[in-house]
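Peer 1: What follows is start_16.cif; its format and atoms are mmCIF, C-alpha atoms.
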```cif
data_input
#
loop_
_atom_site.group_PDB
_atom_site.id
_atom_site.type_symbol
_atom_site.label_atom_id
_atom_site.label_comp_id
_atom_site.auth_asym_id
_atom_site.auth_seq_id
_atom_site.Cartn_x
_atom_site.Cartn_y
_atom_site.Cartn_z
ATOM 1 C CA MET S 1 -28.066 -5.611 0.285
ATOM 2 C CA LEU S 2 -27.014 -7.990 3.032
ATOM 3 C CA VAL S 3 -23.571 -7.832 4.590
ATOM 4 C CA CYS S 4 -22.059 -11.041 5.935
ATOM 5 C CA LEU S 5 -19.586 -11.044 8.824
ATOM 6 C CA ALA S 6 -17.423 -14.139 9.407
ATOM 7 C CA CYS S 7 -17.539 -14.381 13.197
ATOM 8 C CA TYR S 8 -15.967 -16.087 16.142
ATOM 9 C CA GLU S 9 -18.166 -15.300 19.163
ATOM 10 C CA ASP S 10 -18.883 -11.528 19.069
ATOM 11 C CA ARG S 11 -15.925 -10.530 16.894
ATOM 12 C CA LEU S 12 -14.702 -11.076 13.383
ATOM 13 C CA ALA S 13 -12.779 -14.338 13.244
ATOM 14 C CA SER S 14 -9.081 -13.559 12.937
ATOM 15 C CA LEU S 15 -8.910 -16.181 10.152
ATOM 16 C CA LEU S 16 -11.840 -16.899 7.841
ATOM 17 C CA ASP S 17 -11.209 -20.644 8.128
ATOM 18 C CA THR S 18 -11.779 -20.463 11.904
ATOM 19 C CA ALA S 19 -15.108 -18.619 11.756
ATOM 20 C CA THR S 20 -17.739 -20.481 13.753
ATOM 21 C CA GLU S 21 -20.684 -18.707 12.150
ATOM 22 C CA LEU S 22 -21.678 -16.211 9.514
ATOM 23 C CA ARG S 23 -23.937 -13.359 10.590
ATOM 24 C CA LEU S 24 -26.046 -11.438 8.110
ATOM 25 C CA PHE S 25 -27.020 -7.789 8.519
ATOM 26 C CA ARG S 26 -28.989 -5.273 6.507
ATOM 27 C CA LEU S 27 -27.799 -1.692 6.912
ATOM 28 C CA GLU S 28 -30.570 0.874 6.662
ATOM 29 C CA ASN S 29 -30.997 4.421 7.961
ATOM 30 C CA GLY S 30 -27.614 4.351 9.689
ATOM 31 C CA GLY S 31 -28.436 1.216 11.692
ATOM 32 C CA ALA S 32 -27.759 -2.492 11.312
ATOM 33 C CA GLU S 33 -30.609 -4.980 11.437
ATOM 34 C CA ALA S 34 -29.670 -8.624 12.103
ATOM 35 C CA ARG S 35 -31.042 -10.839 9.330
ATOM 36 C CA GLY S 36 -29.845 -14.267 10.379
ATOM 37 C CA ARG S 37 -27.001 -16.596 11.236
ATOM 38 C CA MET S 38 -25.495 -19.494 9.372
ATOM 39 C CA VAL S 39 -23.072 -22.164 10.460
ATOM 40 C CA LEU S 40 -20.360 -23.144 8.010
ATOM 41 C CA PRO S 41 -21.185 -26.572 6.594
ATOM 42 C CA PRO S 42 -18.822 -29.530 6.702
ATOM 43 C CA GLY S 43 -16.205 -28.890 4.067
ATOM 44 C CA GLY S 44 -15.935 -25.413 5.490
ATOM 45 C CA CYS S 45 -15.115 -22.397 3.455
ATOM 46 C CA HIS S 46 -15.095 -24.008 0.026
ATOM 47 C CA ALA S 47 -18.897 -24.093 0.122
ATOM 48 C CA LEU S 48 -18.938 -20.415 1.086
ATOM 49 C CA PRO S 49 -19.630 -18.838 -2.347
ATOM 50 C CA GLN S 50 -22.815 -20.877 -2.841
ATOM 51 C CA LEU S 51 -23.906 -20.328 0.766
ATOM 52 C CA LEU S 52 -23.517 -16.545 0.461
ATOM 53 C CA GLU S 53 -25.345 -16.488 -2.860
ATOM 54 C CA ARG S 54 -28.311 -18.454 -1.452
ATOM 55 C CA ALA S 55 -28.463 -16.113 1.562
ATOM 56 C CA GLY S 56 -28.428 -13.012 -0.658
ATOM 57 C CA ALA S 57 -25.254 -11.567 0.869
ATOM 58 C CA GLY S 58 -23.509 -9.060 -1.363
ATOM 59 C CA VAL S 59 -20.391 -8.487 0.743
ATOM 60 C CA LEU S 60 -18.259 -10.640 3.050
ATOM 61 C CA LEU S 61 -16.309 -8.879 5.801
ATOM 62 C CA CYS S 62 -13.658 -11.095 7.358
ATOM 63 C CA GLY S 63 -10.245 -11.378 8.960
ATOM 64 C CA ALA S 64 -7.260 -13.011 7.304
ATOM 65 C CA VAL S 65 -7.937 -15.296 4.361
ATOM 66 C CA THR S 66 -5.675 -17.583 2.369
ATOM 67 C CA GLY S 67 -4.812 -16.465 -1.139
ATOM 68 C CA ARG S 68 -6.387 -19.532 -2.737
ATOM 69 C CA LEU S 69 -9.693 -19.100 -0.902
ATOM 70 C CA LEU S 70 -9.739 -15.359 -1.596
ATOM 71 C CA HIS S 71 -9.215 -16.059 -5.298
ATOM 72 C CA CYS S 72 -12.023 -18.662 -5.303
ATOM 73 C CA LEU S 73 -14.439 -16.301 -3.547
ATOM 74 C CA ARG S 74 -13.701 -13.402 -5.865
ATOM 75 C CA ALA S 75 -13.860 -15.647 -8.949
ATOM 76 C CA ALA S 76 -17.353 -16.650 -7.798
ATOM 77 C CA GLY S 77 -18.329 -12.969 -7.688
ATOM 78 C CA VAL S 78 -18.199 -12.502 -3.909
ATOM 79 C CA ASP S 79 -17.182 -8.983 -2.837
ATOM 80 C CA VAL S 80 -14.688 -9.887 -0.089
ATOM 81 C CA ARG S 81 -13.267 -7.274 2.275
ATOM 82 C CA PRO S 82 -10.520 -9.221 4.081
ATOM 83 C CA TRP S 83 -7.868 -8.400 6.714
ATOM 84 C CA LEU S 84 -10.297 -6.720 9.113
ATOM 85 C CA ARG S 85 -10.483 -6.989 12.894
ATOM 86 C CA GLY S 86 -12.893 -5.839 15.558
ATOM 87 C CA GLY S 87 -16.162 -6.408 17.353
ATOM 88 C CA LEU S 88 -19.383 -6.705 15.392
ATOM 89 C CA ASP S 89 -20.755 -3.282 16.323
ATOM 90 C CA GLU S 90 -17.411 -1.664 15.527
ATOM 91 C CA VAL S 91 -17.167 -3.378 12.117
ATOM 92 C CA LEU S 92 -20.763 -2.558 11.168
ATOM 93 C CA ALA S 93 -20.304 1.095 12.161
ATOM 94 C CA ALA S 94 -17.100 1.310 10.093
ATOM 95 C CA TRP S 95 -18.860 -0.307 7.093
ATOM 96 C CA ALA S 96 -21.745 2.179 7.338
ATOM 97 C CA ALA S 97 -19.304 5.095 7.639
ATOM 98 C CA GLY S 98 -17.090 3.862 4.797
ATOM 99 C CA SER S 99 -14.072 3.623 7.087
ATOM 100 C CA LEU S 100 -13.133 -0.073 7.035
ATOM 101 C CA ASP S 101 -9.450 0.808 6.523
ATOM 102 C CA GLU S 102 -9.333 1.904 10.169
ATOM 103 C CA LEU S 103 -10.012 -1.720 11.162
ATOM 104 C CA ARG S 104 -7.426 -3.288 8.879
ATOM 105 C CA MET S 105 -5.171 -5.839 10.564
ATOM 106 C CA PRO S 106 -1.640 -4.557 11.115
ATOM 107 C CA GLY S 107 1.026 -5.569 8.637
ATOM 108 C CA CYS S 108 -0.993 -6.334 5.520
ATOM 109 C CA GLY S 109 -3.074 -4.496 2.986
ATOM 110 C CA PRO S 110 -2.650 -1.379 0.884
ATOM 111 C CA ALA S 111 -3.204 1.011 3.817
ATOM 112 C CA SER S 112 -0.178 -0.354 5.668
ATOM 113 C CA GLY S 113 2.126 -0.602 2.666
ATOM 114 C CA GLY S 114 1.843 -4.401 2.768
ATOM 115 C CA CYS S 115 0.180 -6.398 0.022
ATOM 116 C CA PRO S 116 -0.672 -4.537 -3.167
ATOM 117 C CA PRO S 117 -4.256 -3.700 -4.122
ATOM 118 C CA PRO S 118 -6.511 -6.421 -5.570
ATOM 119 C CA GLY S 119 -5.667 -7.416 -9.117
ATOM 120 C CA ARG S 120 -1.905 -7.363 -8.582
ATOM 121 C CA ARG S 121 -0.122 -10.713 -8.477
ATOM 122 C CA VAL S 122 2.769 -9.819 -6.142
ATOM 123 C CA CYS S 123 2.134 -10.331 -2.435
ATOM 124 C CA CYS S 124 3.959 -10.603 0.885
ATOM 125 C CA ARG S 125 5.304 -14.096 0.177
ATOM 126 C CA LYS S 126 7.001 -13.055 -3.064
ATOM 127 C CA ARG S 127 8.354 -9.884 -1.494
ATOM 128 C CA ARG S 128 9.883 -11.902 1.379
ATOM 129 C CA ARG S 129 11.510 -14.281 -1.090
ATOM 130 C CA ASN S 130 12.935 -11.336 -3.046
ATOM 131 C CA ASP S 131 14.235 -9.761 0.163
ATOM 132 C CA GLU S 132 15.987 -13.011 1.116
ATOM 133 C CA ASP S 133 17.546 -13.244 -2.364
ATOM 134 C CA SER S 134 18.690 -9.634 -2.034
ATOM 135 C CA HIS S 135 20.265 -10.369 1.359
ATOM 136 C CA GLN S 136 22.171 -13.297 -0.125
ATOM 137 C CA ARG S 137 23.486 -11.215 -3.055
ATOM 138 C CA THR S 138 24.556 -8.222 -0.971
ATOM 139 C CA GLY S 139 25.723 -10.085 2.102
ATOM 140 C CA LYS S 140 23.494 -7.874 4.241
ATOM 141 C CA GLY S 141 20.719 -9.150 6.428
ATOM 142 C CA PRO S 142 20.236 -12.529 8.040
ATOM 143 C CA ALA S 143 22.915 -15.079 7.216
ATOM 144 C CA LYS S 144 21.869 -18.505 6.022
ATOM 145 C CA PRO S 145 23.645 -21.501 7.570
ATOM 146 C CA ALA S 146 26.016 -23.306 5.231
#
```
Could you render the structure as structure tokens?
Peer 2:
Amino acid sequence: MLVCLACYEDRLASLLDTATELRLFRLENGGAEARGRMVLPPGGCHALPQLLERAGAGVLLCGAVTGRLLHCLRAAGVDVRPWLRGGLDEVLAAWAAGSLDELRMPGCGPASGGCPPPGRRVCCRKRRRNDEDSHQRTGKGPAKPA
């Protein structure tokens, strides 16, 4: 199986939409073998599911990703592992060791108590809105200008 990393230079792109290239790797015998590079086509990430399928990539490792794009990728059957950070060697070693959670971006994802696991509909945005509503009802927290 090929693993695809959404890259900016020699690191994962902090945001999937800003990735300058996709790098493909095959992991065998504890090592990573480079299997090619692809540039995102015009139209960017919305062509990504078809591009990954043609390349034979089974998994996409990336940084932050918008909810709409994440939904589209997963609906197309792409195994997306978002909210990761790090250099390529570091990410590939963590993937091989099964320890991607150690590279999770701070502030989001199940490991940090942020967004719920995949399949749940509630996310950071809804939680923030609920917190603001709670502050208004209780009078605690940031005051809103009148």
Peer 1: Which of these, S:Ala57, S:Ala32, S:Leu69, S:Leu16, has the shortest distance to Val91 in chain S once you count all atoms listed in the file?
Peer 2: S:Ala32
Peer 1: Between S:Gly67, S:Gly86, S:Gly31, S:Gly56, which has the minimum distance to Glu9 in chain S (counting all atoms listed in the file)?
Peer 2: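 Checking each candidate against Glu9 in chain S, we get S:Gly86 as the closest.
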Peer 1: Counting only C-alpha atoms, select every polymer residue within 6 Å of (-9.9, -11.8, 15.1) as defined in the file's coordinates, and provide the selection as number ranges by chain.
Peer 2: S: 12-14, 85
Peer 1: Separation of CA of Gly36 in chain S and CA of Ala19 in chain S, in Å?
Peer 2: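 Computing it gives 15.4 Å between the two atoms.
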Peer 1: Have a look at CA of Leu51 in chain S and CA of Met38 in chain S and let me know their distance in Å, one decimal.
Peer 2: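 CA of Met38 in chain S lies 8.8 Å from CA of Leu51 in chain S.
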Peer 1: With all atoms of range 60-63 of chain S from the file as input, state the centre and edge lengths in Å to one decimal of the axis-aligned box that has 8 Å extra on each side, as AutoDock Vina command-line options.
Peer 2:
```
--center_x -14.3 --center_y -10.1 --center_z 6.0 --size_x 24.0 --size_y 18.5 --size_z 21.9
```
Peer 1: For the file shown, report as JSON, numbers by chain the outcome of the PyMOL selection byres ((chain S and resi 37) around 9) at residue level.
Peer 2: {"S": [21, 22, 23, 24, 34, 35, 36, 38, 39]}
Peer 1: From (-13.0, -0.9, 6.3), in the file's coordinates, out to 10 Å: which residues are reached, counting all atoms listed in the file? Answer as a ChimeraX atom specification.
Peer 2: /S:61,81-85,91-104
Peer 1: Write a file of the selected residues as a short mmCIF file (atom, residue, chain, number, x, y, z; two decimals), in the frame of the given file, keeping C-alpha atoms.
Peer 2:
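File again_3.cif, as written:
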```cif
data_model
loop_
_atom_site.label_atom_id
_atom_site.label_comp_id
_atom_site.auth_asym_id
_atom_site.auth_seq_id
_atom_site.Cartn_x
_atom_site.Cartn_y
_atom_site.Cartn_z
CA LEU S 61 -16.31 -8.88 5.80
CA ARG S 81 -13.27 -7.27 2.28
CA PRO S 82 -10.52 -9.22 4.08
CA TRP S 83 -7.87 -8.40 6.71
CA LEU S 84 -10.30 -6.72 9.11
CA ARG S 85 -10.48 -6.99 12.89
CA VAL S 91 -17.17 -3.38 12.12
CA LEU S 92 -20.76 -2.56 11.17
CA ALA S 93 -20.30 1.10 12.16
CA ALA S 94 -17.10 1.31 10.09
CA TRP S 95 -18.86 -0.31 7.09
CA ALA S 96 -21.74 2.18 7.34
CA ALA S 97 -19.30 5.10 7.64
CA GLY S 98 -17.09 3.86 4.80
CA SER S 99 -14.07 3.62 7.09
CA LEU S 100 -13.13 -0.07 7.04
CA ASP S 101 -9.45 0.81 6.52
CA GLU S 102 -9.33 1.90 10.17
CA LEU S 103 -10.01 -1.72 11.16
CA ARG S 104 -7.43 -3.29 8.88
#
```
Peer 1: I'd like the interatomic distance between CA of Gly63 in chain S and CA of Cys4 in chain S, to a tenth of an Å.
Peer 2: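 Between CA of Gly63 in chain S and CA of Cys4 in chain S the gap works out to 12.2 Å.
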Peer 1: Of the residues S:Leu40, S:Ala64, S:Leu73, S:Val78, which is the one nearest to Pro106 in chain S, using all atoms listed in the file?
Peer 2: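 Of the candidates, the smallest distance to Pro106 in chain S is held by S:Ala64.
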Peer 1: Decode the PyMOL selection byres ((chain S and resi 3) around 7) for the given file into explicit residues and return them as number ranges by chain.
Peer 2: S: 1-2, 4-5, 24-26, 57-60
Peer 1: Those same residues - C-alpha atoms - I'd like them written as a CSV table (one decimal), in the coordinates of the input.
Peer 2:
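Contents of part_39.csv, freshly written:
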```csv
chain,number,residue,atom,x,y,z
S,1,MET,CA,-28.1,-5.6,0.3
S,2,LEU,CA,-27.0,-8.0,3.0
S,4,CYS,CA,-22.1,-11.0,5.9
S,5,LEU,CA,-19.6,-11.0,8.8
S,24,LEU,CA,-26.0,-11.4,8.1
S,25,PHE,CA,-27.0,-7.8,8.5
S,26,ARG,CA,-29.0,-5.3,6.5
S,57,ALA,CA,-25.3,-11.6,0.9
S,58,GLY,CA,-23.5,-9.1,-1.4
S,59,VAL,CA,-20.4,-8.5,0.7
S,60,LEU,CA,-18.3,-10.6,3.0
```
Peer 1: Could you check which of S:Ala6, S:Leu48, S:Met105, S:Leu27 is closest to Ala76 in chain S, using only C-alpha atoms?
Peer 2: S:Leu48
